[in-house]
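For reference, the structure discussed in these notes is given below.
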Amino acid sequence: MAELGSYLILLVAGFIAGTLNVVAGGGSFLTLPVLIFLGLPATVANGTNRVAVLTQNVGAVWSFHQHGVMDWRTSLRSAALPAMIGAWLGAELALLIGDEAFKDTLAFLMVAVTLWTLWDPLKGKLGSSAQRPWWVIAAAFFVVGVYSGFVQAGVGFLILAATTLSGLDLVRGNAVKVMVILATMVVSLWIFASEGKVDWLLGFVLGAGNLAGGLVGVRLTVLKGHGWIKKVVTATVILFALRLWFFE
C-alpha cells in the first residue's frame, strides 16, 4: 500500500509538473523534492526525474509539430545542438559534487531562478534582437544546456528568455523549448544511467503523469497564446517562491 501511495503521488506530481513545464517551466522544482522526500538520494532523484522529463517532451515535440508551430531549423542548429554539448558537461558536474552538495545547490537555485524570473526576463519587445548572429544564440543555449544537464529544474524559464531574445513569441518559443529539453535529456539521462543513478520504475511512473500533463500543456499553449502564457509564468513563479519557505 505504501508503494501504491508513492506511485499515486508521483502520477499527480508528474501531471502538474508536465503541464507547467510546457506552458511555462519549473515543474521539476515540484518533482525533484517529491522524489527526494520519497527516499531517493539526491543524485538518483536528479537522474530519475529526467526519465519523466524525456517522456513528457517526446509527446510535447510531436504535439507542437502536429500543430505546425515547431521551428525545426532554429530548434536544431542554434538551440538543440549547442545545448546538448552543454548538457554533457552539466551532467558530469552534477555527478561529481555528490548528494549533499547537490541538495544545497538545488535549494540555492530554487531561490536564484525564482528571483531572476520575478525580475521578468521576458519583458521587452519581441523580435527586437532578431538580428543577433546565430552563434550568439548558440552560445546562450550552450549555457542553458550546462544548467539543464546539471539540475534541469527551472530551465524552461531560461530557454524562454533565450528564445525571446532570438525573436520568437512565446508560442513558438515553447515549441523550441521542448525540443531543446528533449535533446538535453537524451544526453544527460544517458550519463546518469551509465553511473547507475536512475530508478527506472519510479521514473516511468512519474513520466506517465508528465506525458499526460505535457499534452495538456501544449493544447493550452496553442489555444491561449502569448498573453495567457505570460500570466501563467508569473503565477507559477509566485507559487514556487512561496514553496521555498517549506523546502528542506
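So you can find residues: chains in the C-alpha cells are A, B, ... in the order shown, residues in each start at 1, and ligands are numbered from 1 in order.
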9 Å contact set for Arg172 (chain A), only C-alpha atoms, chain neighbours under 2 positions out, as an NGL selection string: :A and (64 or 69-71 or 163 or 168-170 or 174-177)
Surrounding residues of Gly86 (chain A) excluding itself and chain neighbours under 2 positions, 6 Å, only C-alpha atoms, as a ChimeraX atom specification: /A:83-84,88-89,142,145-146
Separation of CA of Ile191 (chain A) from CA of Val44 (chain A), in Å and rounded to one decimal: 11.9 Å
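With distances restricted to only C-alpha atoms, A:Leu20 is the closest residue to Gly214 (chain A) from A:Leu20, A:Ile9, A:Ile159, A:Leu40.
Summary of the local environment: counting only C-alpha atoms, residues at most 12 Å from Leu201 (chain A), other than itself and those fewer than 2 positions away along its chain, are Glu3, Ser6, Tyr7, Leu10, Thr48, Asn49, Val51, Ala52, Val198, Asp199, Gly203, Phe204, Val205, Leu206, Gly207 and Ala208 of chain A.
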Can those selected residues be exported to a file as an mmCIF file, in the first residue's frame so that it contains N, CA and C atoms?
```
data_model
loop_
_atom_site.group_PDB
_atom_site.id
_atom_site.type_symbol
_atom_site.label_atom_id
_atom_site.label_comp_id
_atom_site.auth_asym_id
_atom_site.auth_seq_id
_atom_site.Cartn_x
_atom_site.Cartn_y
_atom_site.Cartn_z
ATOM 1 N N GLU A 3 3.773 1.573 -1.358
ATOM 2 C CA GLU A 3 4.287 1.773 -2.710
ATOM 3 C C GLU A 3 3.206 2.337 -3.623
ATOM 4 N N SER A 6 2.910 5.956 -3.066
ATOM 5 C CA SER A 6 4.021 6.677 -3.681
ATOM 6 C C SER A 6 3.807 6.854 -5.177
ATOM 7 N N TYR A 7 3.288 5.790 -5.829
ATOM 8 C CA TYR A 7 3.041 5.863 -7.267
ATOM 9 C C TYR A 7 1.962 6.895 -7.580
ATOM 10 N N LEU A 10 3.401 10.329 -7.313
ATOM 11 C CA LEU A 10 4.236 10.629 -8.475
ATOM 12 C C LEU A 10 3.410 10.921 -9.715
ATOM 13 N N THR A 48 16.578 10.227 -12.054
ATOM 14 C CA THR A 48 15.248 9.637 -12.248
ATOM 15 C C THR A 48 14.269 10.645 -12.820
ATOM 16 N N ASN A 49 14.345 11.870 -12.350
ATOM 17 C CA ASN A 49 13.457 12.922 -12.842
ATOM 18 C C ASN A 49 13.581 13.107 -14.349
ATOM 19 N N VAL A 51 13.960 10.826 -16.637
ATOM 20 C CA VAL A 51 13.146 9.855 -17.371
ATOM 21 C C VAL A 51 11.783 10.467 -17.657
ATOM 22 N N ALA A 52 11.213 11.096 -16.641
ATOM 23 C CA ALA A 52 9.893 11.714 -16.788
ATOM 24 C C ALA A 52 9.931 12.902 -17.736
ATOM 25 N N VAL A 198 19.724 6.103 -11.787
ATOM 26 C CA VAL A 198 18.346 6.225 -12.261
ATOM 27 C C VAL A 198 17.502 5.094 -11.681
ATOM 28 N N ASP A 199 16.368 5.429 -11.048
ATOM 29 C CA ASP A 199 15.371 4.446 -10.641
ATOM 30 C C ASP A 199 14.332 4.416 -11.757
ATOM 31 N N GLY A 203 10.819 6.481 -12.342
ATOM 32 C CA GLY A 203 10.933 7.425 -13.441
ATOM 33 C C GLY A 203 9.813 7.276 -14.451
ATOM 34 N N PHE A 204 9.449 6.032 -14.784
ATOM 35 C CA PHE A 204 8.390 5.810 -15.764
ATOM 36 C C PHE A 204 7.013 6.116 -15.178
ATOM 37 N N VAL A 205 6.832 5.864 -13.868
ATOM 38 C CA VAL A 205 5.561 6.236 -13.226
ATOM 39 C C VAL A 205 5.398 7.761 -13.269
ATOM 40 N N LEU A 206 6.454 8.460 -12.873
ATOM 41 C CA LEU A 206 6.430 9.917 -12.940
ATOM 42 C C LEU A 206 6.254 10.381 -14.381
ATOM 43 N N GLY A 207 6.896 9.666 -15.310
ATOM 44 C CA GLY A 207 6.822 10.031 -16.719
ATOM 45 C C GLY A 207 5.426 9.896 -17.291
ATOM 46 N N ALA A 208 4.658 8.915 -16.822
ATOM 47 C CA ALA A 208 3.278 8.770 -17.294
ATOM 48 C C ALA A 208 2.473 10.016 -16.956
#
```
Contact residues around Thr43 (chain A) with only C-alpha atoms at 7 Å, ignoring same-chain residues under 5 positions, as a ChimeraX atom specification: /A:95,98-99,197
Do you know which residues are at most 12 Å from Ser148 (chain A) counting only C-alpha atoms, after dropping those on the same chain fewer than 5 positions away, and could you put them as a PDB file with C-alpha atoms, in the first residue's frame?
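Saved as out_3.pdb:
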```pdb
ATOM      1  CA  GLY A  26       9.774  24.958 -13.308  1.00  0.00           C
ATOM      2  CA  SER A  28      10.957  19.908 -11.694  1.00  0.00           C
ATOM      3  CA  ASN A  46      18.144  14.080 -10.313  1.00  0.00           C
ATOM      4  CA  GLY A  47      18.696  11.205 -12.755  1.00  0.00           C
ATOM      5  CA  ASN A  49      13.457  12.922 -12.842  1.00  0.00           C
ATOM      6  CA  ARG A  50      14.999  13.018 -16.327  1.00  0.00           C
ATOM      7  CA  VAL A  53      11.069  14.909 -18.472  1.00  0.00           C
ATOM      8  CA  ALA A  80      19.442  21.874 -29.553  1.00  0.00           C
ATOM      9  CA  PRO A  82      24.870  23.554 -28.557  1.00  0.00           C
ATOM     10  CA  ALA A  83      22.571  22.735 -25.626  1.00  0.00           C
ATOM     11  CA  MET A  84      23.420  19.015 -25.934  1.00  0.00           C
ATOM     12  CA  ILE A  85      27.139  19.785 -25.618  1.00  0.00           C
ATOM     13  CA  GLY A  86      26.450  21.905 -22.554  1.00  0.00           C
ATOM     14  CA  ALA A  87      24.221  19.197 -21.055  1.00  0.00           C
ATOM     15  CA  TRP A  88      27.055  16.671 -21.181  1.00  0.00           C
ATOM     16  CA  LEU A  89      29.265  18.995 -19.123  1.00  0.00           C
ATOM     17  CA  GLY A  90      26.470  19.839 -16.690  1.00  0.00           C
ATOM     18  CA  ALA A  91      25.541  16.204 -16.029  1.00  0.00           C
ATOM     19  CA  GLU A  92      29.154  15.272 -15.356  1.00  0.00           C
ATOM     20  CA  LEU A  93      29.372  18.142 -12.852  1.00  0.00           C
ATOM     21  CA  ALA A  94      26.159  17.030 -11.089  1.00  0.00           C
ATOM     22  CA  PHE A 141      21.859  27.746 -25.491  1.00  0.00           C
ATOM     23  CA  PHE A 142      25.193  26.140 -24.612  1.00  0.00           C
ATOM     24  CA  VAL A 143      24.956  27.815 -21.197  1.00  0.00           C
ATOM     25  CA  ALA A 153      14.718  22.342 -12.765  1.00  0.00           C
ATOM     26  CA  GLY A 154      13.658  25.776 -13.956  1.00  0.00           C
ATOM     27  CA  VAL A 155      15.476  25.521 -17.287  1.00  0.00           C
ATOM     28  CA  GLY A 156      12.233  26.319 -19.124  1.00  0.00           C
ATOM     29  CA  PHE A 157      12.362  29.896 -17.825  1.00  0.00           C
ATOM     30  CA  LEU A 158      15.925  30.285 -19.139  1.00  0.00           C
ATOM     31  CA  ILE A 159      15.043  28.826 -22.534  1.00  0.00           C
ATOM     32  CA  LYS A 177      11.895  24.886 -25.572  1.00  0.00           C
ATOM     33  CA  VAL A 180      15.892  21.688 -26.529  1.00  0.00           C
ATOM     34  CA  ILE A 181      14.861  19.978 -23.299  1.00  0.00           C
ATOM     35  CA  LEU A 182      14.280  16.708 -25.160  1.00  0.00           C
ATOM     36  CA  ALA A 183      17.756  16.904 -26.703  1.00  0.00           C
ATOM     37  CA  THR A 184      19.496  17.692 -23.403  1.00  0.00           C
ATOM     38  CA  MET A 185      17.572  14.944 -21.588  1.00  0.00           C
ATOM     39  CA  VAL A 186      18.803  12.313 -24.074  1.00  0.00           C
ATOM     40  CA  VAL A 187      22.401  13.270 -23.291  1.00  0.00           C
ATOM     41  CA  SER A 188      22.118  13.777 -19.541  1.00  0.00           C
ATOM     42  CA  LEU A 189      19.926  10.718 -18.899  1.00  0.00           C
TER      43      LEU A 189
END
```
Among the residues A:Leu38, A:Trp62, A:Ala140, A:Ala45, the one that comes closest to Thr164 (chain A) [using only C-alpha atoms]: A:Ala140
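Distance annotation: of A:Ala162, A:Val34, A:Val58, A:Val23, the residue with the minimal separation from Leu8 (chain A) is A:Val34; atom set is only C-alpha atoms.
Atom to atom, CA of Phe15 (chain A) and CA of Val171 (chain A) stand 20.5 Å apart.
Here CA of Ala193 (chain A) stands at a distance of 24.4 Å from CA of Leu76 (chain A).
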Spatial neighbours of Ala42 (chain A), 8 Å, only C-alpha atoms, chain gap at least 5 places, as number ranges by chain: A: 36, 99-100, 102-103
For those residues, write N, CA, C and O atoms to a file as a PDB file, in the first residue's frame.
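What ended up in out-v7.pdb:
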```pdb
ATOM      1  N   ILE A  36      12.961  13.175  -3.677  1.00  0.00           N
ATOM      2  CA  ILE A  36      13.863  13.150  -2.514  1.00  0.00           C
ATOM      3  C   ILE A  36      13.090  12.801  -1.250  1.00  0.00           C
ATOM      4  O   ILE A  36      13.525  11.982  -0.430  1.00  0.00           O
ATOM      5  N   ASP A  99      25.611  13.965  -3.246  1.00  0.00           N
ATOM      6  CA  ASP A  99      24.226  14.172  -2.812  1.00  0.00           C
ATOM      7  C   ASP A  99      24.011  15.427  -1.978  1.00  0.00           C
ATOM      8  O   ASP A  99      23.133  16.235  -2.251  1.00  0.00           O
ATOM      9  N   GLU A 100      24.794  15.592  -0.914  1.00  0.00           N
ATOM     10  CA  GLU A 100      24.558  16.711  -0.005  1.00  0.00           C
ATOM     11  C   GLU A 100      24.807  18.046  -0.686  1.00  0.00           C
ATOM     12  O   GLU A 100      24.028  18.991  -0.539  1.00  0.00           O
ATOM     13  N   PHE A 102      24.589  18.598  -3.820  1.00  0.00           N
ATOM     14  CA  PHE A 102      23.545  18.831  -4.816  1.00  0.00           C
ATOM     15  C   PHE A 102      22.283  19.381  -4.162  1.00  0.00           C
ATOM     16  O   PHE A 102      21.636  20.286  -4.699  1.00  0.00           O
ATOM     17  N   LYS A 103      21.891  18.839  -2.998  1.00  0.00           N
ATOM     18  CA  LYS A 103      20.692  19.339  -2.320  1.00  0.00           C
ATOM     19  C   LYS A 103      20.860  20.802  -1.939  1.00  0.00           C
ATOM     20  O   LYS A 103      19.940  21.609  -2.101  1.00  0.00           O
TER      21      LYS A 103
END
```
